[in-house]
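To start, the structure itself, in structure tokens.
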Amino acid sequence: MIPVAQRSPLWLARLKPYTERLDKTHELVVEGKLSRMVGLTLEAIGCRAAIGSRCQIETKTGHMIEAEVVGFSGARIFLMPTTEVHGLESDCRVIPLHNNSLVRVGYGLLGRVLDGSGNPLDSKGPLKTDAFVPLNGKPINPLSRKPIREALDVGVRAINAMLCVGRGQRMGLFAGTGVGKSVLLGMMTKFTSADIVVVGLIGERGREVNEFVQKTLGEEGLKRAVLVVTPADSPPLMRVHGALLATSIAEYFRDQGQDVLLLMDSLTRFAQAHREIALAIDEPPATKGYPPSVFAKLPHLVERAGNADHGGGSITAFYTVLAEGDDTNDPIADAARGVLDGHIVLSRNLAEAGHFPAIDIEASVSRVMPDIIDKHHLIMSRDLRRLYSLYQQNRDLISVGAYQPGTDPKIDQAIAKNPAILDFLQQDMDEAVDITRSLQELELLLGTK
């Protein structure tokens, strides 16, 4: 290794900044130039920019392309573009930007559809916002968080009765492709008792966006909702920013004392986008191609949801987790299960049988449910779960006629109650069932008061 003092003047000249100037805030801006592009990763020399800050790259035609600093190595910095990179070439001017980690928030966002940068995608004019918050949020002291003691009505009978969700809880929705998770999210968006709904559609099909807004959400549901959309064809950095932006918006309304429902579809796409970024800057893969930093980003995102300090609002969050090949034990699903307060598993077998919502109550659990419901409700939910599980365990014997009625009174009861249980767990997508009605129907099913 040649000491710096002995290296040639030509080599040292390459490290000198492109230009130096003062910006409007009188901060020194050290500009550089683009030296290399590999895949989606840009390398620049001569710049002085911190991780997470933004830069503008000026093409030879004067067009500006925005990028974010995602890493560095010595005098080189690595950037990831937020838009298309057509027109870039070697020695393009790289201009660092300052004070760009803040996002616009406010009640003017209600009823609007935004992209990952916070720009409107609808045709309703400019955003009317009056506040700014950090994109990466501010950590909350865990001892100052308000405990979860109140149930949140999501309007879905199977969840209200069997997997009751508390205000400030973080739940995972584990499902493969095509089993009805988007429809279930839409039902909760329309029927929830939360004050404000924030929906993050991260890395999903672009076709689903318009359908979710017009068909699933509807005009009435959109009035109290904010949608952040970064489809699958967006750059990976924008998919990551979409999840962070949706969480920042939810945090703002929570700090205003509102009860917020945050729906993010999906946490897996967020992890995959971060994997693309990490691998592009040569971070070594660890588990099934996922670098270690991905598993550090998941709790950083999830922990931002939940209750605020005493007197504040709450963020009740549902994160969908894609089970690749219907395997609920893949690395992202396993990591998400460890940082969430419960999980709802959607079964492909139930979906193929026309059972919607296809919630597998045997594999699903709400960890805070015993703390937010009374003892009578808890006993009834356990009784129904026991009857359902007992029937499923003996289903093959019952189907082929090998079980003789009268052999076991508990199995006889499970057989008698099974049609009513299946009807109870199903619900039409346009039907709302609140907690009170859910408990009344559960009492009627089990014959208890």
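Residue numbering restarts at 1 in every chain; chains get A, B, ... in the order shown in the structure tokens, and ligands count up from 1 in that same order.
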
Write out as JSON lines the residues of region 211-308 of chain A that have any atom within 12 Å of an atom of region 316-321 of chain A, one row each with the nearest atom pair and its distance in Å to one decimal, counting only C-alpha atoms, sorted by chain and then rising number.
{"residue": "A:Ala243", "atom": "CA", "partner": "A:Tyr319", "partner_atom": "CA", "distance": 10.5}
{"residue": "A:Ala246", "atom": "CA", "partner": "A:Ala317", "partner_atom": "CA", "distance": 11.1}
{"residue": "A:Thr247", "atom": "CA", "partner": "A:Ala317", "partner_atom": "CA", "distance": 9.5}
{"residue": "A:Ala250", "atom": "CA", "partner": "A:Thr316", "partner_atom": "CA", "distance": 9.5}
{"residue": "A:Glu251", "atom": "CA", "partner": "A:Thr316", "partner_atom": "CA", "distance": 10.8}
{"residue": "A:Arg254", "atom": "CA", "partner": "A:Thr316", "partner_atom": "CA", "distance": 10.0}
{"residue": "A:Gln258", "atom": "CA", "partner": "A:Thr316", "partner_atom": "CA", "distance": 11.0}
{"residue": "A:Asp259", "atom": "CA", "partner": "A:Thr316", "partner_atom": "CA", "distance": 7.7}
{"residue": "A:Val260", "atom": "CA", "partner": "A:Thr316", "partner_atom": "CA", "distance": 6.2}
{"residue": "A:Leu261", "atom": "CA", "partner": "A:Thr316", "partner_atom": "CA", "distance": 4.9}
{"residue": "A:Leu262", "atom": "CA", "partner": "A:Ala317", "partner_atom": "CA", "distance": 4.5}
{"residue": "A:Leu263", "atom": "CA", "partner": "A:Phe318", "partner_atom": "CA", "distance": 4.9}
{"residue": "A:Met264", "atom": "CA", "partner": "A:Tyr319", "partner_atom": "CA", "distance": 4.9}
{"residue": "A:Asp265", "atom": "CA", "partner": "A:Thr320", "partner_atom": "CA", "distance": 5.2}
{"residue": "A:Ser266", "atom": "CA", "partner": "A:Thr320", "partner_atom": "CA", "distance": 4.8}
{"residue": "A:Leu267", "atom": "CA", "partner": "A:Val321", "partner_atom": "CA", "distance": 5.5}
{"residue": "A:Thr268", "atom": "CA", "partner": "A:Val321", "partner_atom": "CA", "distance": 5.4}
{"residue": "A:Arg269", "atom": "CA", "partner": "A:Val321", "partner_atom": "CA", "distance": 8.5}
{"residue": "A:Phe270", "atom": "CA", "partner": "A:Val321", "partner_atom": "CA", "distance": 10.0}
{"residue": "A:Ala271", "atom": "CA", "partner": "A:Val321", "partner_atom": "CA", "distance": 10.1}
{"residue": "A:Gln272", "atom": "CA", "partner": "A:Val321", "partner_atom": "CA", "distance": 11.5}
{"residue": "A:Leu298", "atom": "CA", "partner": "A:Tyr319", "partner_atom": "CA", "distance": 11.0}
{"residue": "A:Leu301", "atom": "CA", "partner": "A:Tyr319", "partner_atom": "CA", "distance": 10.7}
{"residue": "A:Val302", "atom": "CA", "partner": "A:Ala317", "partner_atom": "CA", "distance": 8.5}
{"residue": "A:Glu303", "atom": "CA", "partner": "A:Ala317", "partner_atom": "CA", "distance": 10.3}
{"residue": "A:Arg304", "atom": "CA", "partner": "A:Ala317", "partner_atom": "CA", "distance": 9.9}
{"residue": "A:Ala305", "atom": "CA", "partner": "A:Ala317", "partner_atom": "CA", "distance": 6.5}
{"residue": "A:Gly306", "atom": "CA", "partner": "A:Thr316", "partner_atom": "CA", "distance": 6.0}
{"residue": "A:Asn307", "atom": "CA", "partner": "A:Thr316", "partner_atom": "CA", "distance": 8.0}
{"residue": "A:Ala308", "atom": "CA", "partner": "A:Thr316", "partner_atom": "CA", "distance": 11.1}

Just the residues within 7 Å of region 228-235 of chain A, please, counting only C-alpha atoms, with nothing from its chain fewer than 3 positions along; format it as a PyMOL selection string. chain A and resi 82-83+113-116+199-206+238-239+242+246

Any chance you can output those residues with N, CA, C and O atoms as a JSON list (two decimals), in the first residue's frame?
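Saved file again-v4.json follows:
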[["chain", "number", "residue", "atom", "x", "y", "z"],
["A", 82, "THR", "N", -33.46, 7.35, -7.30],
["A", 82, "THR", "CA", -34.87, 7.27, -6.95],
["A", 82, "THR", "C", -35.77, 7.33, -8.18],
["A", 82, "THR", "O", -36.98, 7.17, -8.07],
["A", 83, "THR", "N", -35.18, 7.58, -9.36],
["A", 83, "THR", "CA", -35.95, 7.65, -10.60],
["A", 83, "THR", "C", -35.18, 6.90, -11.69],
["A", 83, "THR", "O", -34.16, 6.28, -11.43],
["A", 113, "VAL", "N", -53.53, 10.21, -2.52],
["A", 113, "VAL", "CA", -52.69, 9.07, -2.89],
["A", 113, "VAL", "C", -51.31, 9.63, -3.24],
["A", 113, "VAL", "O", -51.19, 10.48, -4.12],
["A", 114, "LEU", "N", -50.25, 9.13, -2.55],
["A", 114, "LEU", "CA", -48.91, 9.67, -2.69],
["A", 114, "LEU", "C", -47.96, 8.61, -3.21],
["A", 114, "LEU", "O", -48.21, 7.41, -3.09],
["A", 115, "ASP", "N", -46.83, 9.06, -3.77],
["A", 115, "ASP", "CA", -45.76, 8.13, -4.13],
["A", 115, "ASP", "C", -44.75, 8.07, -3.00],
["A", 115, "ASP", "O", -44.93, 8.67, -1.93],
["A", 116, "GLY", "N", -43.65, 7.35, -3.19],
["A", 116, "GLY", "CA", -42.67, 7.17, -2.14],
["A", 116, "GLY", "C", -41.96, 8.44, -1.73],
["A", 116, "GLY", "O", -41.40, 8.51, -0.63],
["A", 199, "VAL", "N", -52.50, 3.56, 4.52],
["A", 199, "VAL", "CA", -52.26, 2.33, 3.76],
["A", 199, "VAL", "C", -50.98, 2.49, 2.95],
["A", 199, "VAL", "O", -50.82, 3.47, 2.23],
["A", 200, "GLY", "N", -50.07, 1.55, 3.11],
["A", 200, "GLY", "CA", -48.85, 1.53, 2.32],
["A", 200, "GLY", "C", -48.84, 0.34, 1.39],
["A", 200, "GLY", "O", -48.79, -0.80, 1.85],
["A", 201, "LEU", "N", -48.96, 0.58, 0.09],
["A", 201, "LEU", "CA", -48.90, -0.49, -0.91],
["A", 201, "LEU", "C", -47.48, -0.52, -1.46],
["A", 201, "LEU", "O", -47.12, 0.27, -2.32],
["A", 202, "ILE", "N", -46.68, -1.43, -0.93],
["A", 202, "ILE", "CA", -45.24, -1.45, -1.20],
["A", 202, "ILE", "C", -44.89, -2.63, -2.10],
["A", 202, "ILE", "O", -45.07, -3.79, -1.71],
["A", 203, "GLY", "N", -44.44, -2.34, -3.31],
["A", 203, "GLY", "CA", -43.96, -3.38, -4.21],
["A", 203, "GLY", "C", -45.03, -4.28, -4.77],
["A", 203, "GLY", "O", -44.72, -5.36, -5.27],
["A", 204, "GLU", "N", -46.28, -3.88, -4.72],
["A", 204, "GLU", "CA", -47.36, -4.70, -5.27],
["A", 204, "GLU", "C", -47.64, -4.33, -6.72],
["A", 204, "GLU", "O", -47.06, -3.40, -7.27],
["A", 205, "ARG", "N", -48.54, -5.07, -7.33],
["A", 205, "ARG", "CA", -48.89, -4.81, -8.74],
["A", 205, "ARG", "C", -49.57, -3.45, -8.88],
["A", 205, "ARG", "O", -50.45, -3.10, -8.09],
["A", 206, "GLY", "N", -49.18, -2.72, -9.93],
["A", 206, "GLY", "CA", -49.77, -1.42, -10.16],
["A", 206, "GLY", "C", -51.25, -1.48, -10.45],
["A", 206, "GLY", "O", -51.99, -0.53, -10.15],
["A", 238, "MET", "N", -37.19, 3.62, -3.63],
["A", 238, "MET", "CA", -38.51, 4.18, -3.48],
["A", 238, "MET", "C", -39.44, 3.23, -2.73],
["A", 238, "MET", "O", -40.32, 3.67, -1.98],
["A", 239, "ARG", "N", -39.25, 1.94, -2.91],
["A", 239, "ARG", "CA", -40.06, 0.98, -2.16],
["A", 239, "ARG", "C", -39.75, 1.04, -0.67],
["A", 239, "ARG", "O", -40.64, 0.94, 0.16],
["A", 242, "GLY", "N", -41.28, 4.27, 0.59],
["A", 242, "GLY", "CA", -42.73, 4.19, 0.71],
["A", 242, "GLY", "C", -43.15, 3.66, 2.07],
["A", 242, "GLY", "O", -44.08, 4.18, 2.71],
["A", 246, "ALA", "N", -45.10, 6.00, 4.89],
["A", 246, "ALA", "CA", -46.39, 5.61, 5.46],
["A", 246, "ALA", "C", -46.31, 5.59, 6.99],
["A", 246, "ALA", "O", -47.24, 6.04, 7.68]]

Which polymer residues have any atom within 7 Å of an atom of Ala358 (chain A), counting only C-alpha atoms, with same-chain residues fewer than 6 positions away left out, as a ChimeraX atom specification? /A:346-347,350-351

DSSP on the backbone, then: every residue of region 337-418 of chain A marked helix (DSSP H, G or I), written as a VMD selection string. chain A and resid 337 to 339 348 to 352 369 to 372 375 to 393 395 to 399 409 to 418

Do a neighbour search on region 219-226 of chain A at 6 Å with only C-alpha atoms, toss out local chain neighbours closer than 4 positions, and write the hits as a PDB file with C-alpha atoms, in the first residue's frame.
ATOM      1  CA  LEU A 110     -56.441  12.766   4.044  1.00  0.00           C
ATOM      2  CA  GLY A 111     -58.080  11.431   0.906  1.00  0.00           C
ATOM      3  CA  ARG A 112     -54.869  11.643  -1.107  1.00  0.00           C
ATOM      4  CA  LYS A 190     -63.571   0.354   5.586  1.00  0.00           C
ATOM      5  CA  ILE A 196     -57.483   7.591  10.496  1.00  0.00           C
ATOM      6  CA  VAL A 197     -56.253   4.839   8.173  1.00  0.00           C
ATOM      7  CA  VAL A 198     -52.823   4.914   6.504  1.00  0.00           C
TER       8      VAL A 198
END

If we count only C-alpha atoms and set the cut-off at 9 Å, which residues sit around Ser101 (chain A), ignoring sequence neighbours fewer than 2 positions away in its own chain? Please answer as an mmCIF file with N, CA, C and O atoms, in the first residue's frame.
data_model
loop_
_atom_site.group_PDB
_atom_site.id
_atom_site.type_symbol
_atom_site.label_atom_id
_atom_site.label_comp_id
_atom_site.auth_asym_id
_atom_site.auth_seq_id
_atom_site.Cartn_x
_atom_site.Cartn_y
_atom_site.Cartn_z
ATOM 1 N N GLY A 52 -27.715 8.505 3.845
ATOM 2 C CA GLY A 52 -29.115 8.914 3.912
ATOM 3 C C GLY A 52 -29.414 10.253 3.286
ATOM 4 O O GLY A 52 -30.579 10.602 3.091
ATOM 5 N N SER A 53 -28.379 11.042 2.973
ATOM 6 C CA SER A 53 -28.617 12.343 2.348
ATOM 7 C C SER A 53 -28.849 12.176 0.853
ATOM 8 O O SER A 53 -28.522 11.150 0.260
ATOM 9 N N ARG A 54 -29.430 13.186 0.257
ATOM 10 C CA ARG A 54 -29.768 13.159 -1.161
ATOM 11 C C ARG A 54 -28.743 13.930 -1.981
ATOM 12 O O ARG A 54 -28.118 14.875 -1.499
ATOM 13 N N HIS A 98 -28.970 19.368 1.114
ATOM 14 C CA HIS A 98 -29.032 19.397 2.568
ATOM 15 C C HIS A 98 -30.489 19.449 3.020
ATOM 16 O O HIS A 98 -31.389 19.852 2.288
ATOM 17 N N ASN A 99 -30.719 19.036 4.286
ATOM 18 C CA ASN A 99 -32.029 19.134 4.930
ATOM 19 C C ASN A 99 -33.123 18.476 4.096
ATOM 20 O O ASN A 99 -34.175 19.056 3.838
ATOM 21 N N VAL A 103 -40.235 14.957 5.706
ATOM 22 C CA VAL A 103 -41.368 14.732 4.807
ATOM 23 C C VAL A 103 -42.540 15.590 5.263
ATOM 24 O O VAL A 103 -42.697 15.870 6.459
ATOM 25 N N VAL A 133 -41.906 16.101 9.363
ATOM 26 C CA VAL A 133 -41.411 15.124 10.333
ATOM 27 C C VAL A 133 -40.271 14.346 9.692
ATOM 28 O O VAL A 133 -40.171 14.267 8.471
ATOM 29 N N PRO A 134 -39.376 13.742 10.499
ATOM 30 C CA PRO A 134 -38.275 12.957 9.925
ATOM 31 C C PRO A 134 -38.779 11.696 9.234
ATOM 32 O O PRO A 134 -39.728 11.049 9.697
ATOM 33 N N LEU A 135 -38.156 11.354 8.129
ATOM 34 C CA LEU A 135 -38.542 10.159 7.393
ATOM 35 C C LEU A 135 -38.288 8.898 8.212
ATOM 36 O O LEU A 135 -39.055 7.938 8.144
ATOM 37 N N ASN A 136 -37.223 8.889 8.991
ATOM 38 C CA ASN A 136 -36.866 7.710 9.779
ATOM 39 C C ASN A 136 -37.431 7.724 11.186
ATOM 40 O O ASN A 136 -37.149 6.823 11.973
#

Those of region 271-401 of chain A in DSSP strand (DSSP E or B), formatted as a count of residues only: 22

Shell of 9 Å around Val70 (chain A), only C-alpha atoms, local chain residues under 2 positions omitted, as number ranges by chain: A: 50-53, 68, 72, 77-80, 277-278, 281

With only C-alpha atoms as the atoms that count, which of A:Pro120, A:Gly108, A:Pro147, A:Pro409 lies nearest to Asp309 (chain A)? A:Pro147
